[in-house]
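Novice: One structure is given below, represented as structure tokens, and several questions about it will come after.
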Amino acid sequence: MAATIIDGKAFAARVRAQVAGQVARLTSEHGITPGLAVVLVGEDPASQVYVRSKGKMTIEVGMASFEHRLPETATEGELLDLVDCLNKDDQVHGILVQLPLPDHLNSNLVINAIDPAKDVDGFHISNVGRLGTGQNAMVPCTPLGCLLMLRDTHGSLSGLDAVVIGRSNIVGKPMFNLLLGESCTVTVAHSRTKDLPKVVRRADIVVAAVGRPNMVKGNWIKPGATVIDVGINRIDAPERGEGKTRLVGDVEFDSAAQVAGAITPVPGGVGPMTIACLLANTLTACCRANGLPEPEGLTV
Ligand code: GUN
């Protein structure tokens, strides 16, 4: 039986519509407009695309978008001064410093200078600690998007066996904490894991976030399992013509879709959820800052 395809694009559009509805209510009932500031240092082409897309969607949901661009040569002091300014700005409820930063800047130092209440990436050490200890944190956007899709697919996740492949600070580790918080039995697998196929085969939920194209094979998947593919890998696609490329996930989609109960495609799965969750986090930060109830279903 073929798996249900989890349509991340449609899901993300629903999340953004929900956020837009709440933003409209905040503005009309309380005179508050949530604001998101995005800081880009340097000229990295991929980062420029992400930042433009974030700004566009922020405006589409009715929020205020503040974009700050610093040259590649910016000093740590200049960047920290900007972060300090944004921390103090009442119009700004969320701050995102686009990563990667140029090599001469210390990302941890900069991220930990953001007011944790405005850290919509959930990367500040205080939010990492809050998530790990079950206190209301800002949750990193990609794992939050994965969790919302899993909840939508399963309802309760309690007691399910979950495997997270990848132990990054941005996806693997927060995903572990989120799934544990849902009362899953969670294994975190990584490059040194022995017999990964065996570990994956026992999982009701597989979250793949390793950045290796088509690494997880269909015959590793337990029949009926839910597969969330976080990987976005560009590979050569000579079948499309000379020099052409295409995007694939960390999971071999065609074979996995024969076995899984539900699976996210690449593209159009987890990817669109990341910005939707960034907007949801900005709304959450704004509600918390103003002592208002948090948006339902968009937090943990
Ligand atoms: N660069 C790529 N993804 C992200 C993200 O989620 N947050 C930030 N700050 N930078 C990124």
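Every chain in the structure tokens takes a letter, A first, then B, and so on in the order presented; its residues are numbered from 1, and the ligands are numbered from 1 following the presented order.
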If the limit is 8 Å from any atom of ligand 1, counting only C-alpha atoms and all ligand atoms, which residues qualify? Return them as a PyMOL selection string.

Specialist: chain A and resi 47+50+96-100+121+140-142+170+274

Novice: Quick one: everything within 9 Å of A:Thr73, counting only C-alpha atoms, minus sequence neighbours fewer than 4 positions away in the same chain. Send it as a PyMOL selection string.

Specialist: chain A and resi 41-42+102+104

Novice: If you count only C-alpha atoms, which residues fall within 8 Å of A:Met63, apart from same-chain ones fewer than 6 positions away, as a ChimeraX atom specification?

Specialist: /A:23,33-36

Novice: Create the file for the chosen residues now, containing N, CA, C and O atoms and written as a short mmCIF file (atom, residue, chain, number, x, y, z; two decimals), in the first residue's frame.

Specialist:
```cif
data_model
loop_
_atom_site.label_atom_id
_atom_site.label_comp_id
_atom_site.auth_asym_id
_atom_site.auth_seq_id
_atom_site.Cartn_x
_atom_site.Cartn_y
_atom_site.Cartn_z
N VAL A 23 -2.82 37.64 13.88
CA VAL A 23 -2.16 38.96 13.76
C VAL A 23 -3.24 40.03 13.55
O VAL A 23 -3.20 41.10 14.18
N THR A 33 1.09 45.20 16.49
CA THR A 33 1.51 44.51 15.27
C THR A 33 2.81 43.76 15.57
O THR A 33 3.83 44.39 15.88
N PRO A 34 2.77 42.41 15.50
CA PRO A 34 4.02 41.67 15.74
C PRO A 34 5.08 42.07 14.71
O PRO A 34 4.77 42.28 13.54
N GLY A 35 6.31 42.17 15.17
CA GLY A 35 7.41 42.57 14.27
C GLY A 35 8.56 41.57 14.32
O GLY A 35 8.93 41.09 15.39
N LEU A 36 9.09 41.24 13.13
CA LEU A 36 10.23 40.32 13.03
C LEU A 36 11.41 41.03 12.39
O LEU A 36 11.28 41.59 11.29
#
```

Novice: What separation in Å, quoted to one decimal, exists between atom CA of A:Lys217 and atom CA of A:Lys194?

Specialist: 15.9 Å

Novice: Could you pull out the alpha helix (DSSP H) residues of stretch 25-265 of chain A from DSSP and send them as a ChimeraX atom specification?

Specialist: /A:25-30,45-60,76-88,107-111,125-132,141-154,172-181,196-201,253-257

Novice: Write out as a list of chain:residue names the residues lying within 10 Å of A:Pro174, counting only C-alpha atoms and excluding same-chain residues fewer than 5 positions away.

Specialist: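 In the requested format, the answer is A:Gly122, A:Phe123, A:Val128, A:Leu131, A:Gly132, A:Val139, A:Pro140, A:Cys141, A:Thr142, A:Pro143, A:Leu144, A:Arg167, A:Ser168, A:Asn169, A:Leu179, A:Leu180.
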
Novice: Keeping only C-alpha atoms, take the residues you just selected and write them out as a short mmCIF file (atom, residue, chain, number, x, y, z; two decimals), in the first residue's frame.

Specialist:
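To be explicit, this is the file written out as out.cif:
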```cif
data_model
loop_
_atom_site.label_atom_id
_atom_site.label_comp_id
_atom_site.auth_asym_id
_atom_site.auth_seq_id
_atom_site.Cartn_x
_atom_site.Cartn_y
_atom_site.Cartn_z
CA GLY A 122 15.18 28.97 19.56
CA PHE A 123 18.99 28.82 19.38
CA VAL A 128 17.82 25.19 24.53
CA LEU A 131 13.20 22.99 25.87
CA GLY A 132 15.36 20.32 27.50
CA VAL A 139 11.38 26.11 19.79
CA PRO A 140 13.63 25.88 16.68
CA CYS A 141 11.47 26.27 13.59
CA THR A 142 12.31 23.14 11.58
CA PRO A 143 11.76 20.64 14.42
CA LEU A 144 8.62 22.52 15.45
CA ARG A 167 22.38 15.07 16.08
CA SER A 168 22.68 18.70 15.00
CA ASN A 169 21.86 21.53 17.39
CA LEU A 179 9.51 13.83 20.77
CA LEU A 180 10.49 12.96 24.33
#
```

Novice: Taking 3 positions as the minimum chain separation for residues in the same chain, which residues sit within 8 Å of A:Pro272 when counting only C-alpha atoms? Answer as a list of chain:residue names.

Specialist: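 Answer for this query is A:Gly8, A:Lys9, A:Ala12, A:Gly268, A:Gly269, A:Ile275, A:Ala276.
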
Novice: Selection from above, N, CA, C and O atoms, as a PDB file, in the first residue's frame, can you write it?

Specialist:
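And here's selection-v7.pdb as it stands now:
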```pdb
ATOM      1  N   GLY A   8       3.439  19.355   2.871  1.00  0.00           N
ATOM      2  CA  GLY A   8       3.981  20.419   3.727  1.00  0.00           C
ATOM      3  C   GLY A   8       3.654  21.806   3.206  1.00  0.00           C
ATOM      4  O   GLY A   8       3.505  22.744   3.990  1.00  0.00           O
ATOM      5  N   LYS A   9       3.515  21.912   1.901  1.00  0.00           N
ATOM      6  CA  LYS A   9       3.211  23.218   1.318  1.00  0.00           C
ATOM      7  C   LYS A   9       1.812  23.668   1.753  1.00  0.00           C
ATOM      8  O   LYS A   9       1.621  24.809   2.186  1.00  0.00           O
ATOM      9  N   ALA A  12       1.788  24.299   5.554  1.00  0.00           N
ATOM     10  CA  ALA A  12       2.421  25.585   5.873  1.00  0.00           C
ATOM     11  C   ALA A  12       1.486  26.739   5.532  1.00  0.00           C
ATOM     12  O   ALA A  12       1.414  27.732   6.276  1.00  0.00           O
ATOM     13  N   GLY A 268       8.700  20.301  -0.841  1.00  0.00           N
ATOM     14  CA  GLY A 268       7.261  20.391  -0.560  1.00  0.00           C
ATOM     15  C   GLY A 268       6.828  19.667   0.698  1.00  0.00           C
ATOM     16  O   GLY A 268       5.634  19.431   0.908  1.00  0.00           O
ATOM     17  N   GLY A 269       7.795  19.285   1.533  1.00  0.00           N
ATOM     18  CA  GLY A 269       7.463  18.624   2.787  1.00  0.00           C
ATOM     19  C   GLY A 269       7.791  19.535   3.956  1.00  0.00           C
ATOM     20  O   GLY A 269       7.077  20.498   4.248  1.00  0.00           O
ATOM     21  N   ILE A 275       9.595  28.361   7.555  1.00  0.00           N
ATOM     22  CA  ILE A 275       9.254  29.796   7.632  1.00  0.00           C
ATOM     23  C   ILE A 275       7.886  29.975   8.291  1.00  0.00           C
ATOM     24  O   ILE A 275       7.680  30.906   9.073  1.00  0.00           O
ATOM     25  N   ALA A 276       6.952  29.057   8.026  1.00  0.00           N
ATOM     26  CA  ALA A 276       5.628  29.157   8.674  1.00  0.00           C
ATOM     27  C   ALA A 276       5.798  29.130  10.203  1.00  0.00           C
ATOM     28  O   ALA A 276       5.143  29.887  10.922  1.00  0.00           O
TER      29      ALA A 276
END
```

Novice: May I ask which of the residues A:Asp84, A:Glu60, A:Glu296, A:Asp229 is the closest one to A:Arg16, counting only C-alpha atoms?

Specialist: A:Glu60

Novice: Counting only C-alpha atoms, figure out which residue out of A:Gly94, A:Pro45, A:Pro265, A:Gly271 gets nearest to A:Gly145.

Specialist: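 Closest residue, counting only C-alpha atoms: A:Gly271.
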
Novice: List the neighbours of A:Pro197 out to 10 Å using only C-alpha atoms; skip same-chain residues closer than 2 positions along the sequence, and give me the result as an MDAnalysis selection string.

Specialist: chainID A and resid 193:195 199:202 216:221

Novice: Do a neighbour search on A:Gly62 at 12 Å with only C-alpha atoms, toss out local chain neighbours closer than 6 positions, and write the hits as an MDAnalysis selection string.

Specialist: chainID A and resid 16:28 32:36 55:56 279 282:283

Novice: How many Å lie between atom CA of A:Met138 and atom CA of A:Pro213, rounded to one decimal?

Specialist: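 According to the coordinates, atom CA of A:Met138 and atom CA of A:Pro213 are separated by 29.7 Å.
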
Novice: Pick from A:Gly231, A:Gly129, A:Gly224, A:Gly249: nearest to A:Gly261, with only C-alpha atoms counted?

Specialist: A:Gly224

Novice: Give the strand (DSSP E) residues of stretch 57-279 of chain A, as assigned by DSSP on the backbone, as a VMD selection string.

Specialist: chain A and resid 64 to 70 94 to 97 161 to 165 185 to 189 205 to 208 226 to 229 233 to 236 245 to 248 262 to 263

Novice: Using only C-alpha atoms, which of the listed residues (A:Leu86, A:Val188, A:Ala162, A:Ile235) sits closest to A:Val206?

Specialist: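 Answer, going by the shortest atom-to-atom distance: A:Ala162.
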
Novice: So which one's closest to A:Ala262, A:His93, A:Lys54, A:Arg69, A:Lys222? Using only C-alpha atoms, please.

Specialist: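 Checking each candidate against A:Ala262, we get A:Lys222 as the closest.
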
Novice: Point out the residue among A:Cys184, A:Val39, A:Asn112, A:Ala13 with the least atom-to-atom distance to A:Glu78, counting only C-alpha atoms.

Specialist: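 The answer is A:Val39, which sits nearest to A:Glu78.
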
Novice: Rounded to one decimal in Å, what is the spacing between atom CA of A:Ala3 and atom CA of A:Gly159?

Specialist: 21.8 Å
